[in-house]
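Each remark here refers to the structure printed beneath this line.
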Amino acid sequence: MLKPVHKDVLLSSRGKTTHVVIFALFSLLFTLPSYADRIKDLASMAGVRNNQLIGYGLVVGLNGTGDQSGQPTLQSLTTMLSQLGLNLPPGTSPQLKNVAVVALSANLPPFAKPGQTIDITVTSIGNAKSLRGGSLLMSPLRGADGNVYAMAQGNLVVGGFGAETDDGSRISVNIPSAGRIPNGATVERSVPSGFGSGDSVTLNLHTPDFTTANHMAAAINSSLGAGAAQALDGSSVRVAAPANVDERVRFISLLENITLNPGETSAKVIINSRTGTVVIGRHVRVSPAAVSHGSLTVTIAANPIVSQPAPFAPGPGATLPGASTQVVPKFDISVKQEKQRMFLFEPGVSLDEIVRAVNQVGAAPGDLVAILEALKEAGALHAELVVI
């Protein structure tokens with residue numbers, strides 16, 4: 001229960017409207033019924049995963065926005081032309097403004113077969129200004145073992161663009177030196193999978209939690225029979241599976257659609273230091289604590305006064321001392337201290353009461369961060385404070 005130290009807590013009409021909306025949202029949050037989640041949304045199967053691919057290639061056809069200079073670009077172009085049967089004379093230095101060396105990256109999904117296509121990301125390595133309008137020449141994509149798993153080629157789709165004038169002025173929107181090629185790589189080799197081996201499969205939770213692992217094992221045993229599943233630790237659940245591949249596919253289809261109620265997460269307060277976003281978990285609690293938050297603002301403004309002489313005042317060339325325009329400095333100093341009220345947290349105060357208390361003193365997100373950090377240092381905030 002929130003107890004303001006001053007009983008005359010008044011809010012503006014605008015503030016009242018904002019607070020009513022916030023309280024309504026939190027009331028709705030805590031009254032919504034809990035829905036069960038599917039196993040396929042909470043866990044993944046061990047050994048069934050993506051594999052990262054990387055490559056190196058040349059993008060051609062640029063409108064003067066390619067690499068302006070660089071030995072790697074010239075060497076790559078010379079090597080490619082020699083493989084095509086064209087040998088450049090010694091000492092030849094071709095213009096490379098329409099060519100750029102690029103790095104290629106892609107994710108090879110599980111069970112990908114030769115002939116299927118995947119998307120690739122193309123990123124400039126040199127000093128190319130833009131890849132817009134370019135075409136990637138055939139380039140191999142290799143895995144961590146050094147084997148070629150896909151071949152990439154195609155026209156780039158670049159979301160950014162830039163413009164530059166002769167005087168050095170330029171503007172850039174998004175990143176014009178990176179792009180994508182949808183379905184730009186063809187799979188040439190499949191990755192061996194152990195899906196059909198063994199007499200069991202292992203489910204790995206996306207977020208390790210002992211309660212969720214226990215609930216998952218119980219839900220599987222309830223659907224498939226006692227002893228079908230065993231929780232190995234807070235992250236993995238082992239499930240007995242048929243040896244026949246066809247039966248195993250049907251079994252996994254049944255398994256991943258079993259629903260359960262996952263365990264609730266631990267109390268956390270997430271703070272984004274760059275945007276000021278603060279997310280407070282449902283189970284955050286605060287011990288008895290009195291909080292007073294305010295700030296002292298000192299403003300110094302310079303308002304100089306210009307002293308203008310009379311029209312007939314003697315000038316600098318006269319016998320008497322001349323009169324001239326003078327600037328007299330003048331500074332206005334003001335001090336403003338916010339009149340924030342102190343508020344008191346009683347034992348076990350909950351999330352909505354924390355938000356109500358902060359709203360009553362008119363704290364901004366940055367002020368809320370300072371209050372939470374102070375409560376954590378005082379040992380009154382029973383939650384993990386995570387800054388991202």
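As shown in the structure tokens, the chain order sets the letters A, B, ...; within each chain, residues go from 1, and ligands are also counted from 1 in the order they appear.
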- [ ] Apply DSSP to the backbone of this structure and, from segment 141-272 of chain A, keep only the residues in strand (DSSP E or B); write these as a PyMOL selection string.
- [x] chain A and resi 141-142+148-155+157+161-164+170-173+178-187+200-205+229-231+236-240+259-260+268-271
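Proximity of A:Gly379, A:Val369, A:Asp209, A:Ser307 to Ser287 of chain A, computed with only C-alpha atoms, is greatest for A:Gly379.
Taking the backbone of this structure through DSSP, the residues of segment 48-177 of chain A that come out as alpha helix (DSSP H) are Gln71, Pro72, Thr73, Leu74, Gln75, Ser76, Leu77, Thr78, Thr79, Met80, Leu81, Ser82 and Gln83 of chain A.
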Open item on the list: Using Å and a single decimal, report how far atom CA of Leu224 of chain A sits from atom CA of Pro262 of chain A.
Closed with: 18.8 Å
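Using only C-alpha atoms, the protein and nucleic acid residues lying no more than 6 Å from segment 134-137 of chain A, apart from those fewer than 2 places from it along its own chain, are Leu58, Val59, Val60, Gly61, Leu62, Leu131, Arg132, Gln153, Gly154, Asn155 and Leu156 of chain A.
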TODO: Identify, on the basis of only C-alpha atoms, every residue whose closest approach to Ala43 of chain A does not exceed 8 Å; exclude the query and any residue fewer than 2 positions from it along the same chain; express the result as a list in words.
DONE: Ile39, Lys40, Asp41, Met45, Leu203, Asn204, Leu205 and His206 of chain A
